[in-house]
>>> print(open('my_file.txt').read())   # compact mmCIF, C-alpha atoms (C1' of nucleotides)
# COMPACT_ATOMS: atom_id res chain seq x y z
CA MET K 29 111.07 120.57 99.89
CA SER K 30 110.68 124.28 100.37
CA PRO K 31 112.26 125.13 103.71
CA GLY K 32 112.55 128.73 102.66
CA SER K 33 109.42 130.42 103.93
CA SER K 34 108.46 128.99 107.34
CA LEU K 35 104.78 129.65 107.91
CA SER K 36 103.25 130.80 111.16
CA ASP K 37 101.09 128.35 113.05
CA SER K 38 98.12 130.43 112.11
CA LEU K 39 98.77 130.36 108.39
CA GLU K 40 99.38 126.64 108.58
CA ASP K 41 95.94 126.30 110.10
CA TYR K 42 94.36 128.25 107.29
CA LEU K 43 96.15 126.18 104.71
CA GLU K 44 95.01 123.01 106.39
CA ALA K 45 91.41 124.18 106.47
CA ILE K 46 91.51 125.08 102.80
CA PHE K 47 92.98 121.68 102.05
CA HIS K 48 90.09 119.89 103.70
CA ILE K 49 87.39 122.12 102.25
CA GLU K 50 88.87 121.75 98.81
CA GLN K 51 88.77 117.99 99.17
CA ALA K 52 85.11 118.15 100.05
CA LYS K 53 83.96 120.65 97.45
CA GLN K 54 86.53 121.63 94.84
CA ALA K 55 87.14 125.13 96.09
CA ALA K 56 86.83 127.04 99.34
CA ARG K 57 84.81 130.15 100.03
CA ALA K 58 86.02 132.54 102.69
CA LYS K 59 82.80 131.79 104.50
CA ASP K 60 83.62 128.09 104.76
CA ILE K 61 87.03 128.81 106.12
CA ALA K 62 85.67 131.21 108.70
CA GLY K 63 83.05 128.71 109.75
CA ARG K 64 85.44 125.82 110.08
CA MET K 65 88.05 127.83 111.95
CA LYS K 66 85.62 129.86 114.06
CA VAL K 67 87.18 133.07 113.07
CA SER K 68 85.74 136.27 111.68
CA GLY K 69 85.49 136.92 107.97
CA SER K 70 87.96 139.74 108.11
CA SER K 71 90.55 137.51 109.69
CA VAL K 72 90.12 135.13 106.79
CA THR K 73 90.64 137.90 104.27
CA GLY K 74 93.87 138.86 105.98
CA ALA K 75 95.12 135.31 105.98
CA LEU K 76 94.20 134.78 102.34
CA GLN K 77 96.18 137.83 101.39
CA ALA K 78 99.19 136.55 103.28
CA LEU K 79 98.92 133.10 101.73
CA ALA K 80 98.49 134.55 98.26
CA ARG K 81 101.59 136.69 98.69
CA ARG K 82 103.47 133.51 99.41
CA LYS K 83 102.00 131.85 96.33
CA LEU K 84 100.40 129.13 98.37
CA ILE K 85 96.86 129.76 97.16
CA ASN K 86 95.16 130.96 94.02
CA TYR K 87 93.15 133.93 95.11
CA SER K 88 91.92 137.29 94.04
CA PRO K 89 89.46 139.47 95.92
CA TYR K 90 85.92 138.11 96.11
CA ASP K 91 87.04 134.95 94.40
CA LEU K 92 87.04 131.32 95.41
CA VAL K 93 90.21 129.84 96.86
CA THR K 94 92.22 126.87 95.70
CA LEU K 95 95.65 125.66 96.65
CA THR K 96 98.60 126.10 94.34
CA GLU K 97 100.90 123.18 93.74
CA LYS K 98 103.24 124.50 96.37
CA GLY K 99 100.37 125.20 98.72
CA ARG K 100 99.10 121.69 98.38
CA GLU K 101 102.52 120.33 99.27
CA VAL K 102 102.76 122.43 102.38
CA ALA K 103 99.18 121.74 103.40
CA GLY K 104 99.69 118.05 102.84
CA ASP K 105 102.68 118.15 105.10
CA VAL K 106 100.71 119.79 107.87
CA VAL K 107 97.92 117.26 107.46
CA ARG K 108 100.43 114.45 107.63
CA ARG K 109 101.86 115.81 110.87
CA HIS K 110 98.38 116.18 112.26
CA ASP K 111 97.32 112.69 111.29
CA VAL K 112 100.33 110.85 112.58
CA LEU K 113 99.96 112.56 115.92
CA ARG K 114 96.28 111.76 116.14
CA ARG K 115 96.87 108.16 115.14
CA PHE K 116 99.66 107.80 117.67
CA PHE K 117 97.51 109.23 120.44
CA VAL K 118 94.48 107.12 119.60
CA ASP K 119 95.90 103.89 118.23
CA VAL K 120 98.94 103.57 120.44
CA LEU K 121 98.32 105.57 123.59
CA ASP K 122 94.60 104.81 123.49
CA ALA K 123 93.82 108.40 124.35
CA ASP K 124 90.39 109.93 124.25
CA SER K 125 89.46 110.73 120.70
CA ARG K 126 88.50 114.33 121.32
CA GLU K 127 91.62 115.04 123.33
CA ALA K 128 93.75 113.38 120.66
CA GLU K 129 92.25 115.58 118.00
CA LYS K 130 92.75 118.70 120.05
CA GLY K 131 96.31 117.76 120.90
CA ALA K 132 97.14 116.99 117.29
CA CYS K 133 95.75 120.36 116.23
CA ARG K 134 98.09 122.17 118.55
CA MET K 135 101.15 119.98 118.28
CA GLU K 136 101.12 119.56 114.53
CA HIS K 137 102.83 122.90 114.11
CA ALA K 138 105.79 121.96 116.21
CA LEU K 139 106.63 118.44 115.09
CA PRO K 140 110.05 118.44 113.38
CA ARG K 141 110.39 116.60 110.09
CA GLY K 142 112.84 113.98 111.23
CA ILE K 143 110.76 113.09 114.21
CA MET K 144 107.60 113.01 112.15
CA GLU K 145 109.18 110.50 109.83
CA ARG K 146 110.19 108.29 112.70
CA LEU K 147 106.78 108.60 114.28
CA ILE K 148 105.03 107.60 111.08
CA SER K 149 107.28 104.60 110.87
CA PHE K 150 106.69 103.77 114.51
CA VAL K 151 102.92 103.86 114.28
CA GLU K 152 103.03 101.76 111.13
CA TYR K 153 105.35 99.32 112.81
CA LEU K 154 103.04 98.93 115.81
CA SER K 155 99.91 98.63 113.72
CA ALA K 156 101.33 96.25 111.17
CA GLY K 157 100.91 92.50 111.20
CA ARG K 158 97.68 90.94 112.39
CA LYS K 159 99.42 89.40 115.32
CA GLY K 160 102.88 90.87 115.23
CA GLU K 161 104.83 92.17 118.18
CA GLY K 162 103.39 95.59 117.60
CA ARG K 163 99.70 94.95 117.99
CA ARG K 164 100.31 92.81 121.00
CA LEU K 165 102.43 95.42 122.69
CA VAL K 166 99.79 98.06 122.15
CA GLU K 167 97.25 95.78 123.76
CA ASP K 168 99.53 95.03 126.66
CA PHE K 169 100.25 98.68 127.24
CA LYS K 170 96.55 99.44 127.27
CA HIS K 171 96.10 96.99 130.12
CA TYR K 172 99.23 98.16 131.86
CA TYR K 173 97.98 101.73 131.78
CA GLU K 174 94.57 100.84 133.11
CA ARG K 175 96.10 98.71 135.80
CA THR K 176 98.57 101.31 137.00
CA ASN K 177 96.17 104.23 136.72
CA LYS K 178 93.08 103.11 138.58
CA LYS K 179 91.73 106.64 138.79
CA LYS K 180 89.46 108.42 136.38
CA THR K 181 89.80 106.29 133.26
CA ASP K 182 87.55 103.55 134.61
CA MET I 26 95.53 121.73 139.95
CA SER I 27 95.03 125.30 138.89
CA PRO I 28 93.43 125.21 135.45
CA GLY I 29 92.21 128.73 135.92
CA SER I 30 94.79 130.93 134.31
CA SER I 31 96.17 129.25 131.17
CA LEU I 32 99.59 130.71 130.46
CA SER I 33 100.87 131.70 127.05
CA ASP I 34 103.61 129.60 125.51
CA SER I 35 105.97 132.46 126.09
CA LEU I 36 105.25 132.77 129.78
CA GLU I 37 105.58 129.03 130.15
CA ASP I 38 109.04 129.34 128.64
CA TYR I 39 110.03 132.01 131.13
CA LEU I 40 108.73 129.95 134.00
CA GLU I 41 110.66 126.96 132.78
CA ALA I 42 113.86 128.97 132.48
CA ILE I 43 113.46 130.34 135.97
CA PHE I 44 112.86 126.82 137.24
CA HIS I 45 116.15 125.59 135.83
CA ILE I 46 118.17 128.60 136.90
CA GLU I 47 116.74 128.37 140.38
CA GLN I 48 117.79 124.75 140.57
CA ALA I 49 121.32 125.69 139.62
CA LYS I 50 121.77 128.74 141.83
CA GLN I 51 118.96 129.39 144.29
CA ALA I 52 117.54 132.42 142.56
CA ALA I 53 117.43 133.87 139.08
CA ARG I 54 118.63 137.26 137.93
CA ALA I 55 116.93 138.88 134.95
CA LYS I 56 120.30 138.70 133.24
CA ASP I 57 120.43 134.93 133.52
CA ILE I 58 116.96 134.54 132.10
CA ALA I 59 117.74 136.82 129.18
CA GLY I 60 120.93 134.92 128.48
CA ARG I 61 119.35 131.51 128.61
CA MET I 62 116.37 132.50 126.50
CA LYS I 63 118.26 134.74 124.08
CA VAL I 64 115.93 137.58 124.62
CA SER I 65 116.49 141.21 125.52
CA GLY I 66 116.47 142.45 129.09
CA SER I 67 113.36 144.50 128.57
CA SER I 68 111.47 141.46 127.37
CA VAL I 69 112.43 139.73 130.59
CA THR I 70 111.19 142.62 132.68
CA GLY I 71 107.85 142.49 130.90
CA ALA I 72 107.53 138.76 131.41
CA LEU I 73 108.47 139.02 135.08
CA GLN I 74 105.76 141.60 135.61
CA ALA I 75 103.22 139.35 133.96
CA LEU I 76 104.29 136.33 135.99
CA ALA I 77 104.28 138.34 139.20
CA ARG I 78 100.75 139.56 138.50
CA ARG I 79 99.73 135.93 138.28
CA LYS I 80 101.48 135.15 141.55
CA LEU I 81 103.77 132.63 139.90
CA ILE I 82 107.00 134.30 140.95
CA ASN I 83 108.29 136.34 143.86
CA TYR I 84 109.52 139.51 142.32
CA SER I 85 109.86 143.20 142.89
CA PRO I 86 111.76 145.62 140.66
CA TYR I 87 115.53 145.15 140.67
CA ASP I 88 115.17 142.09 142.83
CA LEU I 89 116.09 138.47 142.36
CA VAL I 90 113.42 136.08 141.17
CA THR I 91 112.16 132.90 142.76
CA LEU I 92 109.16 130.75 142.04
CA THR I 93 106.14 130.78 144.31
CA GLU I 94 104.62 127.50 145.35
CA LYS I 95 102.08 127.79 142.57
CA GLY I 96 104.75 128.85 140.11
CA ARG I 97 106.85 125.85 140.95
CA GLU I 98 103.90 123.57 140.32
CA VAL I 99 103.20 125.07 136.94
CA ALA I 100 106.86 125.13 135.97
CA GLY I 101 107.26 121.56 137.08
CA ASP I 102 104.40 120.59 134.88
CA VAL I 103 105.97 122.25 131.86
CA VAL I 104 109.29 120.57 132.58
CA ARG I 105 107.54 117.24 132.86
CA ARG I 106 105.88 117.70 129.48
CA HIS I 107 109.21 118.71 128.00
CA ASP I 108 111.06 115.77 129.45
CA VAL I 109 108.61 113.08 128.50
CA LEU I 110 108.60 114.32 124.93
CA ARG I 111 112.37 114.40 124.76
CA ARG I 112 112.67 110.97 126.28
CA PHE I 113 110.10 109.56 123.89
CA PHE I 114 111.88 111.05 120.91
CA VAL I 115 115.32 109.89 121.99
CA ASP I 116 114.71 106.66 123.85
CA VAL I 117 111.88 105.28 121.76
CA LEU I 118 112.05 106.88 118.34
CA ASP I 119 115.84 107.07 118.46
CA ALA I 120 115.73 110.58 117.08
CA ASP I 121 118.68 112.90 116.89
CA SER I 122 119.33 114.41 120.29
CA ARG I 123 119.38 118.01 119.10
CA GLU I 124 116.22 117.64 117.09
CA ALA I 125 114.52 115.93 120.01
CA GLU I 126 115.39 118.79 122.29
CA LYS I 127 114.18 121.36 119.81
CA GLY I 128 110.98 119.46 119.18
CA ALA I 129 110.29 119.05 122.88
CA CYS I 130 110.79 122.78 123.41
CA ARG I 131 108.12 123.62 120.91
CA MET I 132 105.69 120.80 121.54
CA GLU I 133 105.75 120.95 125.32
CA HIS I 134 103.27 123.80 125.27
CA ALA I 135 100.67 121.86 123.37
CA LEU I 136 100.69 118.45 125.02
CA PRO I 137 97.35 117.86 126.76
CA ARG I 138 97.38 116.48 130.28
CA GLY I 139 95.68 113.21 129.58
CA ILE I 140 97.98 112.43 126.72
CA MET I 141 101.01 113.42 128.72
CA GLU I 142 100.05 110.97 131.42
CA ARG I 143 99.66 108.18 128.91
CA LEU I 144 102.93 109.09 127.25
CA ILE I 145 104.80 109.02 130.54
CA SER I 146 103.35 105.64 131.21
CA PHE I 147 104.19 104.45 127.72
CA VAL I 148 107.81 105.49 127.87
CA GLU I 149 108.16 103.91 131.28
CA TYR I 150 106.55 100.75 130.01
CA LEU I 151 108.91 100.50 127.09
CA SER I 152 111.98 101.26 129.14
CA ALA I 153 111.12 99.03 132.04
CA GLY I 154 112.32 95.52 132.61
CA ARG I 155 115.85 94.53 131.75
CA LYS I 156 114.62 92.22 129.05
CA GLY I 157 110.94 92.91 128.85
CA GLU I 158 108.87 93.26 125.73
CA GLY I 159 109.43 96.96 125.81
CA ARG I 160 113.18 97.17 125.47
CA ARG I 161 113.16 94.53 122.78
CA LEU I 162 110.50 96.28 120.77
CA VAL I 163 112.41 99.53 120.89
CA GLU I 164 115.47 97.71 119.57
CA ASP I 165 113.47 96.01 116.87
CA PHE I 166 111.91 99.25 115.77
CA LYS I 167 115.31 100.87 115.55
CA HIS I 168 116.38 98.21 113.10
CA TYR I 169 113.10 98.33 111.24
CA TYR I 170 113.43 102.06 110.79
CA GLU I 171 116.98 101.83 109.53
CA ARG I 172 116.06 99.02 107.20
CA THR I 173 113.05 100.72 105.69
CA ASN I 174 114.68 104.15 105.48
CA LYS I 175 117.98 103.52 103.76
CA LYS I 176 118.40 107.17 102.92
CA LYS I 177 120.04 109.83 105.00
CA THR I 178 120.25 108.16 108.39
CA ASP I 179 123.15 105.94 107.36
C1' DT F 10 132.40 158.27 149.64
C1' DT F 11 132.34 159.29 145.05
C1' DA F 12 132.98 157.57 140.33
C1' DT F 13 132.36 153.90 137.22
C1' DT F 14 130.36 149.87 135.52
C1' DT F 15 126.76 146.64 135.45
C1' DT F 16 122.03 145.50 135.67
C1' DA F 17 117.20 146.57 135.38
C1' DT F 18 113.32 149.39 134.01
C1' DT F 19 110.72 152.54 131.18
C1' DA F 20 109.43 154.67 126.83
C1' DG F 21 108.20 154.04 122.37
C1' DG F 22 107.82 151.16 118.14
C1' DC F 23 106.84 147.07 115.18
C1' DG F 24 104.47 142.94 113.29
C1' DA F 25 101.26 139.18 113.78
C1' DG F 26 96.74 137.99 114.27
C1' DG F 27 92.44 138.58 116.09
C1' DC F 28 88.00 141.53 116.51
C1' DT F 29 83.75 144.83 115.15
C1' DA F 30 81.59 148.12 112.21
C1' DA F 31 81.19 150.13 107.90
C1' DT F 32 81.47 149.52 103.08
C1' DT F 33 81.65 147.28 98.71
C1' DT F 34 80.87 143.58 95.59
C1' DT F 35 78.42 139.69 94.12
C1' DC F 36 74.49 136.76 94.06
C1' DT F 37 69.51 136.00 94.18
C1' DT F 38 64.99 137.27 93.79
C1' DT F 39 61.22 139.35 92.07
C1' DA E 25 66.80 145.13 85.45
C1' DA E 26 66.33 146.75 90.12
C1' DA E 27 65.99 145.64 94.97
C1' DG E 28 67.32 143.01 98.65
C1' DA E 29 70.25 139.54 100.85
C1' DA E 30 74.60 137.47 101.39
C1' DA E 31 79.42 137.42 101.19
C1' DA E 32 83.88 139.72 101.15
C1' DT E 33 86.79 143.60 101.97
C1' DT E 34 88.51 147.68 104.28
C1' DA E 35 89.17 150.70 108.22
C1' DG E 36 90.36 151.05 112.66
C1' DC E 37 91.32 149.14 117.15
C1' DC E 38 93.25 145.77 120.55
C1' DT E 39 96.59 142.45 122.82
C1' DC E 40 100.99 139.93 122.84
C1' DG E 41 105.65 139.61 122.62
C1' DC E 42 109.58 141.14 120.92
C1' DC E 43 112.95 144.96 119.95
C1' DT E 44 116.23 149.41 120.73
C1' DA E 45 117.41 153.57 123.10
C1' DA E 46 117.22 156.16 127.04
C1' DT E 47 117.06 156.31 131.97
C1' DA E 48 117.42 154.81 136.70
C1' DA E 49 119.10 151.91 140.30
C1' DA E 50 122.60 148.87 142.39
C1' DA E 51 126.98 147.01 142.79
C1' DT E 52 131.86 147.59 142.44
C1' DA E 53 136.22 150.20 142.40
C1' DA E 54 139.01 153.91 143.38
>>> encode(input="my_file.txt", output="structure tokens")
Amino acid sequence: MSPGSSLSDSLEDYLEAIFHIEQAKQAARAKDIAGRMKVSGSSVTGALQALARRKLINYSPYDLVTLTEKGREVAGDVVRRHDVLRRFFVDVLDADSREAEKGACRMEHALPRGIMERLISFVEYLSAGRKGEGRRLVEDFKHYYERTNKKKTD
Amino acid sequence: MSPGSSLSDSLEDYLEAIFHIEQAKQAARAKDIAGRMKVSGSSVTGALQALARRKLINYSPYDLVTLTEKGREVAGDVVRRHDVLRRFFVDVLDADSREAEKGACRMEHALPRGIMERLISFVEYLSAGRKGEGRRLVEDFKHYYERTNKKKTD
DNA sequence: TTATTTTATTAGGCGAGGCTAATTTTCTTT
DNA sequence: AAAGAAAATTAGCCTCGCCTAATAAAATAA
């Protein structure tokens, strides 16, 4: 736990992007980050400098980027927040996949730890058990929602 | 529906504050807004000018502030997003009340419409019925969470 | 009504985070 | 190895949103 720094939403996004690129190909080039985030190269440079100052990435000018141990922890945390939100939206609320992804992207930065933990537990609880209470309730809600909202969804 | 403008998080916060102050005392003074939002008076002036430009508030220098029809719609929407999040956190996830409030404050700006609608429906569904599936599941989850997280909560 | 206090606005500054254009470094060809 | 292409960095500018200090307007007291 390193509650010291407190990253901006923007830097969290960069960290998250680096995390994913690293998983796909060992290390990230500034180009990849820019492409994924739809941001100019110079913005990436600025962000990399900020992240390096905070010791969250291994970086020196013109070099490839990798996460430090600390950086990987923080990035992993962001990814976890993102994923639990997306899963909740899709698997429980049965929301549109694209909207869920977009929502998760924006909300991930604001989800407090304690609530994230509960949400993870909640989604697990509802998804667990082939025919447990959870799964059934999710199904029932799906029907309830479609029944009570006979507008655009159908 | 006025999806035209797209307010910043900050302006949404101001609108929300004005909404609540207006409910409590007819109209809002800049002072009240500053106090509630813990922001300087000059910041309030700037925000009021921006909101007035967008026709979301009735305002002229040194005057009291009220919401326009459009402003009330937008503010109401923000409040609705805030409230459904808080209720979900407290009533369903059984999160700490303070943390729920804080989380709702930050996440309210990012909650997409379609997901908000589903979430409202979901919370209603779980809370409805004196002894329906919903209420019981919430209770069961509460116990599940406490059982599987024998750490800080107890 | 004039003086005092309170409230609001303006002026000017700061940092974050984005952009484009110009420049530098590195990589790839030939 | 030298030339050209590609990638990264710097320089310089912009918008937001906040701040403090200084000023102006309004409200309250004397």
>>> closest_residue(input="my_file.txt", among="I:Phe113, I:Tyr150, I:Tyr169, I:Tyr87", to="chain F", atoms="only C-alpha atoms (C1' of nucleotides)")
I:Tyr87
>>> interface_residues(input="my_file.txt", of="chain E", to="chain I", cutoff="12 Å", atoms="only C-alpha atoms (C1' of nucleotides)", output="PDB file with C-alpha atoms (C1' of nucleotides), keeping the file's coordinate frame")
ATOM      1  C1'  DC E  40     100.990 139.930 122.840  1.00  0.00           C
ATOM      2  C1'  DG E  41     105.650 139.610 122.620  1.00  0.00           C
ATOM      3  C1'  DC E  42     109.580 141.140 120.920  1.00  0.00           C
ATOM      4  C1'  DC E  43     112.950 144.960 119.950  1.00  0.00           C
ATOM      5  C1'  DT E  44     116.230 149.410 120.730  1.00  0.00           C
ATOM      6  C1'  DA E  45     117.410 153.570 123.100  1.00  0.00           C
ATOM      7  C1'  DA E  48     117.420 154.810 136.700  1.00  0.00           C
ATOM      8  C1'  DA E  49     119.100 151.910 140.300  1.00  0.00           C
ATOM      9  C1'  DA E  50     122.600 148.870 142.390  1.00  0.00           C
ATOM     10  C1'  DA E  51     126.980 147.010 142.790  1.00  0.00           C
TER      11       DA E  51
END
>>> closest_residue(input="my_file.txt", among="I:Tyr84, I:Ile43, I:Ala49, I:Asp34", to="chain K", atoms="only C-alpha atoms")
I:Asp34
>>> atom_distance(input="my_file.txt", atom1="atom CA of K:Ile148", atom2="atom CA of I:Arg138")
22.5 Å
>>> residues_around(input="my_file.txt", residues="stretch 157-168 of chain I", least_positions_apart="6", cutoff="12 Å", atoms="all atoms listed in the file", output="number ranges by chain")
K: 146-154, 156, 160-166, 168-169, 172; I: 113-120, 146-151, 174-175, 178-179
>>> atom_distance(input="my_file.txt", atom1="atom C1' of E:DG36", atom2="atom C1' of F:DT34")
20.9 Å
>>> interface_residues(input="my_file.txt", of="chain F", to="chain K", cutoff="8 Å", atoms="only C-alpha atoms (C1' of nucleotides)", output="ChimeraX atom specification")
/F:26-28,34-35
>>> atom_distance(input="my_file.txt", atom1="atom CA of K:Val102", atom2="atom CA of I:Val109")
28.4 Å
>>> interface_residues(input="my_file.txt", of="chain K", to="chain I", cutoff="6 Å", atoms="all atoms listed in the file", output="PyMOL selection string")
chain K and resi 131+134-135+138+140
>>> residues_around(input="my_file.txt", residues="E:DT52", least_positions_apart="6", cutoff="9 Å", atoms="all atoms listed in the file", output="number ranges by chain")
F: 13-15
>>> residues_around(input="my_file.txt", residues="E:DA26", least_positions_apart="3", cutoff="12 Å", atoms="only C-alpha atoms (C1' of nucleotides)", output="list in words")
DT37, DT38 and DT39 of chain F
>>> closest_residue(input="my_file.txt", among="I:Thr70, I:Gln51, I:Ser122, I:Ser31", to="I:Leu92", atoms="all atoms listed in the file")
I:Gln51
>>> residues_near_point(input="my_file.txt", point="(133.9, 153.6, 140.3)", cutoff="6 Å", atoms="all atoms listed in the file", output="compact mmCIF listing (two decimals) with C-alpha atoms (C1' of nucleotides), keeping the file's coordinate frame")
# COMPACT_ATOMS: atom_id res chain seq x y z
C1' DA F 12 132.98 157.57 140.33
C1' DT F 13 132.36 153.90 137.22
C1' DA E 53 136.22 150.20 142.40
C1' DA E 54 139.01 153.91 143.38
>>> axis_aligned_box(input="my_file.txt", around="stretch 35-41 of chain E", padding_each_side="6 Å", output="JSON")
{"center_x": 97.4, "center_y": 145.3, "center_z": 115.5, "size_x": 28.5, "size_y": 23.4, "size_z": 26.6}
>>> decode(input="my_file.txt", residues="stretch 23-38 of chain F", atoms="N, CA, C and O atoms (P, O5', C5', C4', C3', O3' and C1' of nucleotides)", output="compact mmCIF listing (two decimals), in the first residue's frame")
# COMPACT_ATOMS: atom_id res chain seq x y z
P DC F 23 3.30 32.82 -11.31
O5' DC F 23 2.56 31.47 -10.93
C5' DC F 23 2.13 31.24 -9.57
C4' DC F 23 1.60 29.83 -9.49
C3' DC F 23 2.36 28.86 -10.40
O3' DC F 23 2.63 27.64 -9.74
C1' DC F 23 0.07 28.87 -11.00
P DG F 24 3.64 26.61 -10.47
O5' DG F 24 2.66 25.38 -10.72
C5' DG F 24 1.89 24.85 -9.64
C4' DG F 24 0.95 23.80 -10.19
C3' DG F 24 1.67 22.81 -11.11
O3' DG F 24 1.16 21.52 -10.82
C1' DG F 24 -0.05 23.92 -12.31
P DA F 25 1.80 20.24 -11.53
O5' DA F 25 0.56 19.68 -12.38
C5' DA F 25 -0.71 19.69 -11.78
C4' DA F 25 -1.75 19.32 -12.81
C3' DA F 25 -1.28 18.25 -13.80
O3' DA F 25 -2.35 17.34 -13.96
C1' DA F 25 -1.97 20.18 -14.98
P DG F 26 -2.07 15.96 -14.66
O5' DG F 26 -2.44 16.23 -16.18
C5' DG F 26 -3.76 16.60 -16.52
C4' DG F 26 -3.78 17.01 -17.97
C3' DG F 26 -2.93 16.12 -18.89
O3' DG F 26 -3.72 15.67 -19.96
C1' DG F 26 -2.51 18.38 -19.28
P DG F 27 -3.26 14.47 -20.89
O5' DG F 27 -3.32 15.04 -22.39
C5' DG F 27 -4.53 15.43 -22.95
C4' DG F 27 -4.40 16.70 -23.77
C3' DG F 27 -3.48 16.64 -24.99
O3' DG F 27 -4.13 16.01 -26.08
C1' DG F 27 -3.35 18.75 -23.89
P DC F 28 -3.28 15.59 -27.36
O5' DC F 28 -3.04 16.94 -28.19
C5' DC F 28 -4.13 17.77 -28.56
C4' DC F 28 -3.59 19.04 -29.19
C3' DC F 28 -2.52 18.80 -30.25
O3' DC F 28 -3.12 18.80 -31.53
C1' DC F 28 -1.82 20.50 -28.71
P DT F 29 -2.18 18.37 -32.80
O5' DT F 29 -1.30 19.64 -33.21
C5' DT F 29 -1.90 20.92 -33.41
C4' DT F 29 -0.81 21.91 -33.80
C3' DT F 29 0.07 21.43 -34.95
O3' DT F 29 0.40 22.56 -35.76
C1' DT F 29 1.41 21.77 -33.04
P DA F 30 1.11 22.37 -37.20
O5' DA F 30 2.54 23.07 -37.02
C5' DA F 30 2.74 23.92 -35.92
C4' DA F 30 4.19 24.33 -35.82
C3' DA F 30 5.10 23.92 -36.98
O3' DA F 30 6.14 24.88 -37.08
C1' DA F 30 5.79 22.79 -35.04
P DA F 31 7.37 24.69 -38.17
O5' DA F 31 8.62 24.35 -37.22
C5' DA F 31 8.91 25.25 -36.15
C4' DA F 31 10.08 24.72 -35.34
C3' DA F 31 11.27 24.26 -36.19
O3' DA F 31 12.47 24.66 -35.53
C1' DA F 31 10.55 22.47 -34.85
P DT F 32 13.91 24.33 -36.21
O5' DT F 32 14.46 23.14 -35.31
C5' DT F 32 14.53 23.34 -33.90
C4' DT F 32 14.89 22.03 -33.24
C3' DT F 32 16.16 21.37 -33.78
O3' DT F 32 17.05 21.24 -32.68
C1' DT F 32 14.41 19.80 -33.54
P DT F 33 18.57 20.83 -32.91
O5' DT F 33 18.59 19.32 -32.40
C5' DT F 33 18.22 19.08 -31.04
C4' DT F 33 17.92 17.62 -30.87
C3' DT F 33 19.09 16.72 -31.23
O3' DT F 33 19.34 15.92 -30.11
C1' DT F 33 17.09 15.91 -32.17
P DT F 34 20.74 15.23 -29.83
O5' DT F 34 20.35 13.68 -29.91
C5' DT F 34 19.26 13.23 -29.11
C4' DT F 34 18.68 11.98 -29.73
C3' DT F 34 19.70 10.90 -30.06
O3' DT F 34 19.39 9.80 -29.25
C1' DT F 34 18.07 11.13 -31.77
P DT F 35 20.26 8.51 -29.09
O5' DT F 35 19.51 7.49 -30.06
C5' DT F 35 18.13 7.25 -29.82
C4' DT F 35 17.54 6.49 -30.99
C3' DT F 35 18.37 5.29 -31.42
O3' DT F 35 17.49 4.19 -31.41
C1' DT F 35 17.71 6.56 -33.29
P DC F 36 17.97 2.69 -31.63
O5' DC F 36 17.30 2.35 -33.05
C5' DC F 36 15.94 2.71 -33.24
C4' DC F 36 15.58 2.54 -34.72
C3' DC F 36 16.13 1.27 -35.36
O3' DC F 36 15.06 0.70 -36.10
C1' DC F 36 16.75 3.14 -36.65
P DT F 37 15.22 -0.80 -36.78
O5' DT F 37 15.21 -0.49 -38.35
C5' DT F 37 14.63 0.72 -38.80
C4' DT F 37 14.79 0.90 -40.29
C3' DT F 37 15.23 -0.31 -41.11
O3' DT F 37 14.53 -0.24 -42.33
C1' DT F 37 16.79 1.43 -41.40
P DT F 38 14.12 -1.53 -43.20
O5' DT F 38 14.55 -1.05 -44.67
C5' DT F 38 15.89 -0.66 -44.77
C4' DT F 38 16.06 0.45 -45.73
C3' DT F 38 16.67 -0.13 -47.00
O3' DT F 38 16.15 0.53 -48.13
C1' DT F 38 18.22 1.33 -45.88
